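Colleague: What follows is a single structure, and I will ask about it in a moment.
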Number of protein chains: 4
Amino acid sequence: MSESDYSKKHVEYVAPEATPEEQAELDAMYKQMDSIHLKPLWRQIGGLMPNEPEPAAVAHKWDWEELYKIAQRSGELVPVGRGGERRALGLANPGLGGNTYISPTMWAAIQYLAPGENAPEHRHSQNAFRFVIEGEGVWTVVNGDAVPMKRGDFLLTPGWNFHGHHNIATEPMAWLDGLDIPFAHQMDTGFFEYGTEKLTDESTPEYSRGERLWANPGLRPVAFPGKTTASPIGRYAWEHTDKALNEQLALEDAGFPGVVSPGHAAVRFTNPTTGGDVMSTIRAEFHRLRPGAATTPVHEVGNRVFQVFEGSATAHVGEETFELNHGDIVNVPSWKKWHIEAGDDGVDLFNFSDHPIFEKLDLARTYTPEGI
Amino acid sequence: MSESDYSKKHVEYVAPEATPEEQAELDAMYKQMDSIHLKPLWRQIGGLMPNEPEPAAVAHKWDWEELYKIAQRSGELVPVGRGGERRALGLANPGLGGNTYISPTMWAAIQYLAPGENAPEHRHSQNAFRFVIEGEGVWTVVNGDAVPMKRGDFLLTPGWNFHGHHNIATEPMAWLDGLDIPFAHQMDTGFFEYGTEKLTDESTPEYSRGERLWANPGLRPVAFPGKTTASPIGRYAWEHTDKALNEQLALEDAGFPGVVSPGHAAVRFTNPTTGGDVMSTIRAEFHRLRPGAATTPVHEVGNRVFQVFEGSATAHVGEETFELNHGDIVNVPSWKKWHIEAGDDGVDLFNFSDHPIFEKLDLARTYTPEGI
Amino acid sequence: MSESDYSKKHVEYVAPEATPEEQAELDAMYKQMDSIHLKPLWRQIGGLMPNEPEPAAVAHKWDWEELYKIAQRSGELVPVGRGGERRALGLANPGLGGNTYISPTMWAAIQYLAPGENAPEHRHSQNAFRFVIEGEGVWTVVNGDAVPMKRGDFLLTPGWNFHGHHNIATEPMAWLDGLDIPFAHQMDTGFFEYGTEKLTDESTPEYSRGERLWANPGLRPVAFPGKTTASPIGRYAWEHTDKALNEQLALEDAGFPGVVSPGHAAVRFTNPTTGGDVMSTIRAEFHRLRPGAATTPVHEVGNRVFQVFEGSATAHVGEETFELNHGDIVNVPSWKKWHIEAGDDGVDLFNFSDHPIFEKLDLARTYTPEGI
Amino acid sequence: MSESDYSKKHVEYVAPEATPEEQAELDAMYKQMDSIHLKPLWRQIGGLMPNEPEPAAVAHKWDWEELYKIAQRSGELVPVGRGGERRALGLANPGLGGNTYISPTMWAAIQYLAPGENAPEHRHSQNAFRFVIEGEGVWTVVNGDAVPMKRGDFLLTPGWNFHGHHNIATEPMAWLDGLDIPFAHQMDTGFFEYGTEKLTDESTPEYSRGERLWANPGLRPVAFPGKTTASPIGRYAWEHTDKALNEQLALEDAGFPGVVSPGHAAVRFTNPTTGGDVMSTIRAEFHRLRPGAATTPVHEVGNRVFQVFEGSATAHVGEETFELNHGDIVNVPSWKKWHIEAGDDGVDLFNFSDHPIFEKLDLARTYTPEGI
């Protein structure tokens, strides 16, 4: 698809010249349409059906230091418990009219749990994950499986699994939550149910049962055949992610394929029963750029969110530029051209997106103006 | 899933008692959060994540006589042409804040074309169909294939196919258009491009080429193997739909399976290369109820729209009741319990829905409180 | 894949020069291997793993007049009934060592039923179809559904469906049966069970229930969602096959796509719940060649069988040539280059193959030496 | 499916009483049929279509000590090289008429490579794997990727990948090869091509590149999206298999699900791009039984082969019993009831089967007479 494909802009609809009498008739007609809940396409088509996506969402950066400080403050002022359910601060895209949506499809939040605190169990049809940017000492209990949360881990709570968390360490802990709450809310698909106030399992094992059964490379338990809609791996431990990225870069050094583009290693978290995404609506990846390396500029249908895990980077989104350091979060709205350049020490980036939604509905499109 | 599963309502979050000093601190914190585009989950969870879908969309009925009359009026006052593109009157759900959405996902409109008129060619990534409630004499040209439109026909314009229409009859013609415009708009997936102002093919064949190749029962051309994302059948002619429904009822009379429930015949329009829905985001069906028969009451995730083709019916949606006659349109918002009872002469109903979206994303749910 | 890819023939294994003592030791070793059921690869690899398929099956033509005459004769001499089950004459490929296999995977037979005769009900896991080259007056009852058999019809009896036949006409009737008996026999997958001696339904409807529900183009009963392993259409009536082929040729005349190659129309019989083949192991197609037209020469993994329905043709298979007239049957062994040229009046050809087996197992290969 | 389903045996076809004249006519008819390559179904149906699979293959045990000794002997007497290609001793099922088939579908062989020896490169469409029962020091080079072979490792050579081996250790090495040679041979699907006589890569890395990119649990390289027909993991290292089995037993001890049945842990080797089997035609698993534990008796369509890796066991197959020790190999023909009981120290069993063939063709069946 060439750039010119996207240059045929809408012709503005210009109502034909009308005499005052004609205009009065038109006005009367439009008023009547309104009264019976009709609207003419010809007066709105340009806004409704633009030549290419014109997202209301804007690109925005959230500063980790600010986020963390105010999360701490809320830990001092607001207890966590039934009713409020979670001490989570949702990132509200400035373009989305006050809704707590980082994109039209996705929710991102900082969740903060002080030592000894307990977030009660509940379940919802919304899919959820957590990414731990620092710290340890929290266990999340998902359908009765106690899952440790440590720095660099990526954790799943697929829709309709009961889950709660508790912090057994001496330090507070904060992490990134991602869910498809906006999609569920706008599409009217959400169900929610309370579980127990205390966790159903207060043990603190080193590995979750889901990992022990399923996080063995290329192996699956014969006892559980078939495909599952979400990955049965509850925790993708950092040690594996880190090693997989290192291997890609080592293979690149040795002259073999593996990286996405020069200096750019990336792994996707997958469901081992399908090889596909971890959950139906959410894709999650981890990207590592060598110092000075950059991703290929691309337009994509769908929304991405990045969080810097280590190092620093510059994100280019549309016409804007964002300097990113440890913990900073930035989003990329649909079809905005984006690329990320690593800083002097390279950068490690956690990434999630809503791309599976569009791929499953045959609505995905990408365009790399400079070729691949 | 029992009714009680949906009775565990949200506990209202009640902020703990606060002294004036504490309240001032809280207020300051919330204000600061706002300034950096953060919102606390605990103050919004009940609205964001209800126990079950609480759609903003409401059930509504549009009266065909009214629709047709005002469509005629717009035919007198507003020419059709480049810029406005189509003389289409969109049905705007009264609950959706002024948007021309019949549901959060779907667009429904009455399109009206006077004798000799021509709707210019364009293409868009949005999927579209047309259902002809009465009349004939229009051909829609889809990717160069001239497709006749006649009473009872169901016609496809899958995403990114160029298409235009012209009316060669002596009478105006009106039909129902359905598209996934709201979904594309909210999800930022839409692309649009102009084509020629005059139709690329002005012939008026009795059958389209798509039908001639693909509308042969259980047969496919060997020249075109594989699956396509949308059905290659451009026109589902009424004669086949009518016959298939009659057969189901005749089989019921003879004591054999075939109907959905007693007195309720239904066919789904499908993509013959997959056996699945005609397009990725839209399901279309035709239902026929014998006099006095009714559909089974059901809650479903997703939205349905019905148009009465012949006969009359009463639609029950949530707590509301709608009397439906020829051409009348009614919608069912997500998770509202609904059923339809045929009038004295039975009823023929065209139906479309967004169910494929939810099935593909593992978000579909149904609940029949009275059993099936 | 170029022709030269297939020119690297096996190097004949040449046992190294051996002294008499060495030879004695080798002989002793090979004898011992034999005694413990071992065989060395190096003495058999060329036969076991040829450079390209070297089928034992040969191309062969069976003459319809001969077939029909002897079928008639067997009708006079041998009653049909329980134990023998069917008056079917299996076509035994001369290369397959006396087994009644037309190919290593498929069975083809002429079945003959005299007026008033009844072939008792049974079921087997083997998939079966019938193709009616002439006549009418037999009904086959498949799982209780009485299916008429008429000239040109293609009929299914998917694995594990009870079925029997009876002839209610005043003339005997003969047709072609195709099954995957050899595959089931060699792969040890076959199950067989007797049903009633008399048919479970002796009615003689004009259309089967399967057709009435499922043979409506692009339409499926809402009451039966999902995919089925075999097509629910029990009978593919000739009128539809004929019309679909005519349409392809008419579109070719008008300059539009549709035919496989110039003058060569073809339809594949499909399962409307998937768009794929009618049964898991068998593909069935109908080909029509204009006078003088020919198919494209091709090598294919898998086996094809053709029967001339009308007209005449010359089949080229490997180095051999077969003149084909009404009813004649010819087979194409795996990887033999083949093409068919129509005679002066063109030709209508029924075709079946085992290609789905190889496609599902990622073993399919085709090679068109002259390009496509 | 109840036992009785399989008790309805074939009625023997009994030719009706015939006078000498009639018999002469019949004899003449059968003779004529023979001359035109026809065979009547009624004289062979019981053998061709038994009530349940009656495999020609028998259950047989190959003794590892015997196998190893004669492999050593062949190492002394027969060089390995171009033409013979591999020093592999194929296990010939005593029921399969002298063919080197362990089942109608599968080849199993002991391959033996002396220090310094080199098995030249070639490729074939047949799928292959290796399982290393003892030793190390051989690298197999698959499409240029040097893959180490160590005790307990399971290694893949999917169809049409060039591959060769060399032994750089000071000891000879022997391992189990499994391929779908019989299936390819009987079904006429095999292609074969020579590669280089010397290996294309003589390096001896600790891990293959395939492992480094793909054997990371739940992670896949973003650079290689999509599904592949065979697993990209060239080597399933023993350390992961062993750990996964230990975890299942530890979970069983703790009262959690994971094992197949009491005391019976099992993992399946999978393709991480699909979650399915490693190759299209072959399933591979590793089973571990605690002392005294046993698998559930079952009839299955398809063939299994077991090799004891550690410990001892008793295999029951049909009416037969086999005592198994380190390295011993036993096969289970289709539909023979089988179960395995662990010896006093438990048992570790490598297993492969042709089950994917039957599952993909909808021909799989299992029956557990004692329930599951």
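Letters A, B, ... mark the chains of the structure tokens in the order given; residue numbers begin at 1 per chain; ligand numbers begin at 1, in order shown.
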Can you list, as a list in words, all residues belonging to stretch 39-151 of chain B that DSSP tags as helix (DSSP H, G or I)?

Modeller: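 Result set for stretch 39-151 of chain B (helix (DSSP H, G or I)): Leu41, Trp42, Arg43, Ile45, Gly46, Gly47, Leu48, Trp64, Glu65, Glu66, Leu67, Tyr68, Lys69, Ile70, Ala71, Gln72, Arg73, Ser74, Gly75, Glu76 and Leu77 of chain B.
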
Colleague: Export N, CA and C atoms of the chosen residues as a PDB file, in the first residue's frame?

Modeller:
ATOM      1  N   LEU B  41      -9.449   3.827  40.494  1.00  0.00           N
ATOM      2  CA  LEU B  41     -10.454   2.807  40.208  1.00  0.00           C
ATOM      3  C   LEU B  41     -11.555   2.792  41.254  1.00  0.00           C
ATOM      4  N   TRP B  42     -11.159   3.005  42.541  1.00  0.00           N
ATOM      5  CA  TRP B  42     -12.148   2.795  43.597  1.00  0.00           C
ATOM      6  C   TRP B  42     -13.311   3.777  43.554  1.00  0.00           C
ATOM      7  N   ARG B  43     -13.180   4.852  42.821  1.00  0.00           N
ATOM      8  CA  ARG B  43     -14.295   5.793  42.730  1.00  0.00           C
ATOM      9  C   ARG B  43     -15.161   5.574  41.486  1.00  0.00           C
ATOM     10  N   ILE B  45     -15.478   1.976  39.940  1.00  0.00           N
ATOM     11  CA  ILE B  45     -15.541   0.577  39.508  1.00  0.00           C
ATOM     12  C   ILE B  45     -16.959   0.094  39.197  1.00  0.00           C
ATOM     13  N   GLY B  46     -17.940   0.550  40.017  1.00  0.00           N
ATOM     14  CA  GLY B  46     -19.318   0.081  39.796  1.00  0.00           C
ATOM     15  C   GLY B  46     -19.832   0.457  38.426  1.00  0.00           C
ATOM     16  N   GLY B  47     -19.517   1.630  37.949  1.00  0.00           N
ATOM     17  CA  GLY B  47     -19.960   2.049  36.625  1.00  0.00           C
ATOM     18  C   GLY B  47     -19.174   1.390  35.516  1.00  0.00           C
ATOM     19  N   LEU B  48     -17.855   1.247  35.739  1.00  0.00           N
ATOM     20  CA  LEU B  48     -16.991   0.690  34.710  1.00  0.00           C
ATOM     21  C   LEU B  48     -17.173  -0.813  34.556  1.00  0.00           C
ATOM     22  N   TRP B  64     -41.759   2.094  10.013  1.00  0.00           N
ATOM     23  CA  TRP B  64     -41.418   2.091   8.590  1.00  0.00           C
ATOM     24  C   TRP B  64     -42.145   3.179   7.807  1.00  0.00           C
ATOM     25  N   GLU B  65     -43.414   3.405   8.105  1.00  0.00           N
ATOM     26  CA  GLU B  65     -44.147   4.419   7.347  1.00  0.00           C
ATOM     27  C   GLU B  65     -43.519   5.788   7.512  1.00  0.00           C
ATOM     28  N   GLU B  66     -43.173   6.100   8.751  1.00  0.00           N
ATOM     29  CA  GLU B  66     -42.484   7.364   9.016  1.00  0.00           C
ATOM     30  C   GLU B  66     -41.150   7.438   8.289  1.00  0.00           C
ATOM     31  N   LEU B  67     -40.389   6.334   8.406  1.00  0.00           N
ATOM     32  CA  LEU B  67     -39.070   6.294   7.768  1.00  0.00           C
ATOM     33  C   LEU B  67     -39.195   6.521   6.272  1.00  0.00           C
ATOM     34  N   TYR B  68     -40.138   5.826   5.689  1.00  0.00           N
ATOM     35  CA  TYR B  68     -40.251   5.870   4.243  1.00  0.00           C
ATOM     36  C   TYR B  68     -40.669   7.257   3.780  1.00  0.00           C
ATOM     37  N   LYS B  69     -41.613   7.839   4.542  1.00  0.00           N
ATOM     38  CA  LYS B  69     -42.115   9.153   4.144  1.00  0.00           C
ATOM     39  C   LYS B  69     -41.020  10.215   4.173  1.00  0.00           C
ATOM     40  N   ILE B  70     -40.208  10.162   5.219  1.00  0.00           N
ATOM     41  CA  ILE B  70     -39.178  11.201   5.315  1.00  0.00           C
ATOM     42  C   ILE B  70     -38.035  10.914   4.337  1.00  0.00           C
ATOM     43  N   ALA B  71     -37.855   9.636   4.031  1.00  0.00           N
ATOM     44  CA  ALA B  71     -36.854   9.313   2.999  1.00  0.00           C
ATOM     45  C   ALA B  71     -37.299   9.892   1.651  1.00  0.00           C
ATOM     46  N   GLN B  72     -38.605   9.737   1.377  1.00  0.00           N
ATOM     47  CA  GLN B  72     -39.166  10.325   0.152  1.00  0.00           C
ATOM     48  C   GLN B  72     -38.953  11.834   0.118  1.00  0.00           C
ATOM     49  N   ARG B  73     -39.222  12.429   1.255  1.00  0.00           N
ATOM     50  CA  ARG B  73     -39.084  13.888   1.358  1.00  0.00           C
ATOM     51  C   ARG B  73     -37.638  14.300   1.079  1.00  0.00           C
ATOM     52  N   SER B  74     -36.691  13.556   1.634  1.00  0.00           N
ATOM     53  CA  SER B  74     -35.280  13.903   1.399  1.00  0.00           C
ATOM     54  C   SER B  74     -34.936  13.696  -0.070  1.00  0.00           C
ATOM     55  N   GLY B  75     -35.627  12.753  -0.702  1.00  0.00           N
ATOM     56  CA  GLY B  75     -35.428  12.561  -2.141  1.00  0.00           C
ATOM     57  C   GLY B  75     -35.835  13.783  -2.934  1.00  0.00           C
ATOM     58  N   GLU B  76     -36.835  14.485  -2.430  1.00  0.00           N
ATOM     59  CA  GLU B  76     -37.280  15.699  -3.110  1.00  0.00           C
ATOM     60  C   GLU B  76     -36.339  16.877  -2.866  1.00  0.00           C
ATOM     61  N   LEU B  77     -35.771  16.907  -1.674  1.00  0.00           N
ATOM     62  CA  LEU B  77     -35.027  18.107  -1.263  1.00  0.00           C
ATOM     63  C   LEU B  77     -33.520  18.013  -1.449  1.00  0.00           C
TER      64      LEU B  77
END

Colleague: Please report, as a list in words, each residue of stretch 222-305 of chain C to which DSSP assigns strand (DSSP E or B) when run on this structure's backbone.

Modeller: Arg235, Tyr236, Ser261, His264, Ala265, Ala266, Val267, Arg268, Phe269, Thr270, Asp277, Arg283, Ala284, Glu285, Phe286, His287, Arg288, Leu289, Ala294, Val298, His299, Glu300, Arg304 and Val305 of chain C

Colleague: May I have the selected residues written with N, CA, C and O atoms, as an mmCIF file, in the first residue's frame?

Modeller:
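Listed below is the output, out_30.cif:
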data_model
loop_
_atom_site.group_PDB
_atom_site.id
_atom_site.type_symbol
_atom_site.label_atom_id
_atom_site.label_comp_id
_atom_site.auth_asym_id
_atom_site.auth_seq_id
_atom_site.Cartn_x
_atom_site.Cartn_y
_atom_site.Cartn_z
ATOM 1 N N ARG C 235 -27.335 -35.610 -0.886
ATOM 2 C CA ARG C 235 -27.440 -35.751 -2.339
ATOM 3 C C ARG C 235 -27.128 -34.418 -3.005
ATOM 4 O O ARG C 235 -27.746 -33.400 -2.705
ATOM 5 N N TYR C 236 -26.172 -34.435 -3.903
ATOM 6 C CA TYR C 236 -25.856 -33.282 -4.738
ATOM 7 C C TYR C 236 -26.517 -33.551 -6.084
ATOM 8 O O TYR C 236 -25.995 -34.317 -6.896
ATOM 9 N N SER C 261 -9.064 -23.478 -16.462
ATOM 10 C CA SER C 261 -8.159 -23.111 -17.551
ATOM 11 C C SER C 261 -9.032 -23.024 -18.794
ATOM 12 O O SER C 261 -10.215 -23.376 -18.753
ATOM 13 N N HIS C 264 -12.135 -25.331 -19.630
ATOM 14 C CA HIS C 264 -12.156 -26.355 -18.575
ATOM 15 C C HIS C 264 -12.871 -25.825 -17.339
ATOM 16 O O HIS C 264 -12.291 -25.100 -16.524
ATOM 17 N N ALA C 265 -14.150 -26.191 -17.215
ATOM 18 C CA ALA C 265 -14.940 -25.825 -16.041
ATOM 19 C C ALA C 265 -14.866 -26.946 -15.019
ATOM 20 O O ALA C 265 -14.749 -28.118 -15.389
ATOM 21 N N ALA C 266 -14.932 -26.598 -13.740
ATOM 22 C CA ALA C 266 -14.901 -27.646 -12.707
ATOM 23 C C ALA C 266 -15.488 -27.131 -11.414
ATOM 24 O O ALA C 266 -15.232 -25.996 -11.009
ATOM 25 N N VAL C 267 -16.287 -28.003 -10.782
ATOM 26 C CA VAL C 267 -16.807 -27.698 -9.440
ATOM 27 C C VAL C 267 -16.354 -28.786 -8.474
ATOM 28 O O VAL C 267 -16.187 -29.947 -8.855
ATOM 29 N N ARG C 268 -16.163 -28.365 -7.244
ATOM 30 C CA ARG C 268 -15.862 -29.315 -6.176
ATOM 31 C C ARG C 268 -17.095 -29.441 -5.286
ATOM 32 O O ARG C 268 -17.723 -28.437 -4.948
ATOM 33 N N PHE C 269 -17.437 -30.672 -4.929
ATOM 34 C CA PHE C 269 -18.514 -30.909 -3.971
ATOM 35 C C PHE C 269 -17.971 -30.604 -2.578
ATOM 36 O O PHE C 269 -16.880 -31.069 -2.227
ATOM 37 N N THR C 270 -18.703 -29.805 -1.793
ATOM 38 C CA THR C 270 -18.162 -29.361 -0.504
ATOM 39 C C THR C 270 -19.146 -29.573 0.650
ATOM 40 O O THR C 270 -20.341 -29.759 0.456
ATOM 41 N N ASP C 277 -13.795 -30.237 1.898
ATOM 42 C CA ASP C 277 -14.232 -31.434 1.190
ATOM 43 C C ASP C 277 -15.421 -32.105 1.876
ATOM 44 O O ASP C 277 -15.643 -31.952 3.078
ATOM 45 N N ARG C 283 -12.054 -36.385 -1.801
ATOM 46 C CA ARG C 283 -12.460 -35.196 -2.555
ATOM 47 C C ARG C 283 -13.248 -35.646 -3.772
ATOM 48 O O ARG C 283 -12.888 -36.637 -4.405
ATOM 49 N N ALA C 284 -14.282 -34.913 -4.101
ATOM 50 C CA ALA C 284 -15.052 -35.233 -5.301
ATOM 51 C C ALA C 284 -15.299 -33.978 -6.098
ATOM 52 O O ALA C 284 -15.601 -32.917 -5.529
ATOM 53 N N GLU C 285 -15.152 -34.100 -7.415
ATOM 54 C CA GLU C 285 -15.308 -32.962 -8.316
ATOM 55 C C GLU C 285 -16.021 -33.403 -9.590
ATOM 56 O O GLU C 285 -16.092 -34.590 -9.904
ATOM 57 N N PHE C 286 -16.525 -32.429 -10.306
ATOM 58 C CA PHE C 286 -17.068 -32.692 -11.621
ATOM 59 C C PHE C 286 -16.402 -31.721 -12.595
ATOM 60 O O PHE C 286 -16.361 -30.521 -12.348
ATOM 61 N N HIS C 287 -15.867 -32.266 -13.691
ATOM 62 C CA HIS C 287 -15.143 -31.463 -14.679
ATOM 63 C C HIS C 287 -15.862 -31.508 -16.023
ATOM 64 O O HIS C 287 -16.372 -32.553 -16.419
ATOM 65 N N ARG C 288 -15.894 -30.389 -16.680
ATOM 66 C CA ARG C 288 -16.473 -30.320 -18.029
ATOM 67 C C ARG C 288 -15.465 -29.634 -18.957
ATOM 68 O O ARG C 288 -15.000 -28.529 -18.665
ATOM 69 N N LEU C 289 -15.129 -30.340 -20.036
ATOM 70 C CA LEU C 289 -14.200 -29.782 -21.028
ATOM 71 C C LEU C 289 -14.947 -29.521 -22.331
ATOM 72 O O LEU C 289 -15.679 -30.388 -22.825
ATOM 73 N N ALA C 294 -8.314 -29.115 -23.032
ATOM 74 C CA ALA C 294 -7.550 -30.105 -22.277
ATOM 75 C C ALA C 294 -7.201 -29.535 -20.903
ATOM 76 O O ALA C 294 -7.113 -28.309 -20.732
ATOM 77 N N VAL C 298 -0.001 -32.166 -15.081
ATOM 78 C CA VAL C 298 0.425 -31.943 -13.699
ATOM 79 C C VAL C 298 0.852 -33.262 -13.054
ATOM 80 O O VAL C 298 0.335 -34.333 -13.389
ATOM 81 N N HIS C 299 1.834 -33.170 -12.176
ATOM 82 C CA HIS C 299 2.152 -34.255 -11.239
ATOM 83 C C HIS C 299 1.523 -33.880 -9.904
ATOM 84 O O HIS C 299 1.667 -32.735 -9.459
ATOM 85 N N GLU C 300 0.895 -34.829 -9.241
ATOM 86 C CA GLU C 300 0.289 -34.564 -7.937
ATOM 87 C C GLU C 300 0.561 -35.730 -7.001
ATOM 88 O O GLU C 300 0.446 -36.888 -7.422
ATOM 89 N N ARG C 304 -6.081 -40.089 -8.298
ATOM 90 C CA ARG C 304 -7.357 -39.643 -8.856
ATOM 91 C C ARG C 304 -8.014 -40.789 -9.608
ATOM 92 O O ARG C 304 -7.329 -41.650 -10.169
ATOM 93 N N VAL C 305 -9.351 -40.735 -9.643
ATOM 94 C CA VAL C 305 -10.126 -41.652 -10.477
ATOM 95 C C VAL C 305 -11.124 -40.809 -11.266
ATOM 96 O O VAL C 305 -11.764 -39.912 -10.693
#

Colleague: Could you tell me which of C:Arg123, C:Lys336, C:Asp354, C:Glu22 comes closest to C:Glu54 if we count only C-alpha atoms?

Modeller: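 Closest to C:Glu54 of all the choices is C:Lys336.
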
Colleague: Can you tell me which residues surround B:Met149 at a distance of at most 6 Å, considering only C-alpha atoms, apart from same-chain residues fewer than 6 positions away, and format the answer as a list in words?

Modeller: Glu136, Val138 and Trp139 of chain B

Colleague: Figure out the distance between atom CA of A:Asp188 and atom CA of B:His60, please, to one decimal in Å.

Modeller: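 Those two atoms sit 17.1 Å apart.
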
Colleague: With a distance cut-off of 9 Å and only C-alpha atoms, select the neighbouring residues of B:Val317, excluding the residue or stretch itself and same-chain residues fewer than 4 positions from it, and output the selection as a compact mmCIF listing (two decimals) with all heavy atoms, in the first residue's frame.

Modeller:
# COMPACT_ATOMS: atom_id res chain seq x y z
N ALA B 59 -33.56 -0.08 23.87
CA ALA B 59 -34.37 -0.70 22.83
C ALA B 59 -35.25 0.38 22.21
O ALA B 59 -35.80 1.22 22.92
CB ALA B 59 -35.23 -1.82 23.44
N THR B 321 -42.21 -3.51 25.33
CA THR B 321 -42.96 -4.26 24.34
C THR B 321 -43.16 -3.38 23.11
O THR B 321 -43.48 -2.20 23.25
CB THR B 321 -44.34 -4.65 24.92
OG1 THR B 321 -44.11 -5.51 26.02
CG2 THR B 321 -45.19 -5.37 23.89
N PHE B 322 -42.93 -3.95 21.94
CA PHE B 322 -43.08 -3.17 20.70
C PHE B 322 -43.96 -3.93 19.73
O PHE B 322 -43.71 -5.11 19.46
CB PHE B 322 -41.70 -2.94 20.05
CG PHE B 322 -40.72 -2.23 20.94
CD1 PHE B 322 -39.83 -2.97 21.73
CD2 PHE B 322 -40.69 -0.85 21.02
CE1 PHE B 322 -38.92 -2.32 22.55
CE2 PHE B 322 -39.78 -0.20 21.84
CZ PHE B 322 -38.90 -0.94 22.62
N ASN B 331 -34.42 -2.76 17.80
CA ASN B 331 -33.10 -3.28 18.18
C ASN B 331 -33.15 -3.88 19.58
O ASN B 331 -33.99 -3.51 20.40
CB ASN B 331 -32.05 -2.17 18.13
CG ASN B 331 -32.22 -1.20 19.28
OD1 ASN B 331 -33.29 -0.58 19.36
ND2 ASN B 331 -31.23 -1.07 20.14
N VAL B 332 -32.23 -4.81 19.84
CA VAL B 332 -32.11 -5.44 21.16
C VAL B 332 -30.71 -5.14 21.69
O VAL B 332 -29.72 -5.65 21.14
CB VAL B 332 -32.29 -6.97 21.08
CG1 VAL B 332 -32.15 -7.60 22.45
CG2 VAL B 332 -33.62 -7.33 20.44
N PRO B 333 -30.58 -4.33 22.75
CA PRO B 333 -29.25 -4.05 23.30
C PRO B 333 -28.68 -5.29 24.01
O PRO B 333 -29.42 -6.21 24.38
CB PRO B 333 -29.50 -2.93 24.32
CG PRO B 333 -30.81 -2.33 23.93
CD PRO B 333 -31.61 -3.49 23.38
N LYS B 336 -30.08 -7.66 27.19
CA LYS B 336 -31.50 -7.49 27.48
C LYS B 336 -32.22 -8.78 27.08
O LYS B 336 -32.04 -9.26 25.95
CB LYS B 336 -32.10 -6.33 26.67
CG LYS B 336 -31.57 -4.98 27.01
CD LYS B 336 -32.15 -4.46 28.32
CE LYS B 336 -31.57 -3.08 28.65
NZ LYS B 336 -31.61 -2.79 30.10
N LYS B 337 -33.03 -9.29 27.97
CA LYS B 337 -33.81 -10.49 27.63
C LYS B 337 -34.79 -10.14 26.52
O LYS B 337 -35.44 -9.10 26.58
CB LYS B 337 -34.57 -11.00 28.86
CG LYS B 337 -35.31 -12.30 28.59
CD LYS B 337 -35.73 -12.99 29.87
CE LYS B 337 -36.95 -12.31 30.49
NZ LYS B 337 -37.50 -13.13 31.60
N TRP B 338 -34.89 -10.97 25.52
CA TRP B 338 -35.81 -10.66 24.43
C TRP B 338 -36.50 -11.92 23.92
O TRP B 338 -35.96 -13.02 24.01
CB TRP B 338 -35.09 -9.96 23.26
CG TRP B 338 -34.13 -10.83 22.51
CD1 TRP B 338 -32.82 -11.03 22.80
CD2 TRP B 338 -34.41 -11.62 21.35
NE1 TRP B 338 -32.26 -11.89 21.91
CE2 TRP B 338 -33.21 -12.28 21.00
CE3 TRP B 338 -35.56 -11.85 20.58
CZ2 TRP B 338 -33.12 -13.14 19.90
CZ3 TRP B 338 -35.47 -12.71 19.49
CH2 TRP B 338 -34.26 -13.34 19.16
N HIS B 339 -37.72 -11.73 23.42
CA HIS B 339 -38.33 -12.74 22.58
C HIS B 339 -39.36 -12.06 21.69
O HIS B 339 -39.79 -10.93 21.95
CB HIS B 339 -38.93 -13.89 23.38
CG HIS B 339 -40.19 -13.58 24.10
ND1 HIS B 339 -40.22 -12.82 25.25
CD2 HIS B 339 -41.49 -13.93 23.85
CE1 HIS B 339 -41.47 -12.72 25.68
NE2 HIS B 339 -42.27 -13.37 24.85
N ILE B 340 -39.71 -12.73 20.62
CA ILE B 340 -40.65 -12.16 19.66
C ILE B 340 -41.79 -13.14 19.45
O ILE B 340 -41.56 -14.34 19.27
CB ILE B 340 -39.93 -11.85 18.32
CG1 ILE B 340 -38.91 -10.73 18.55
CG2 ILE B 340 -40.93 -11.48 17.23
CD1 ILE B 340 -38.12 -10.34 17.33
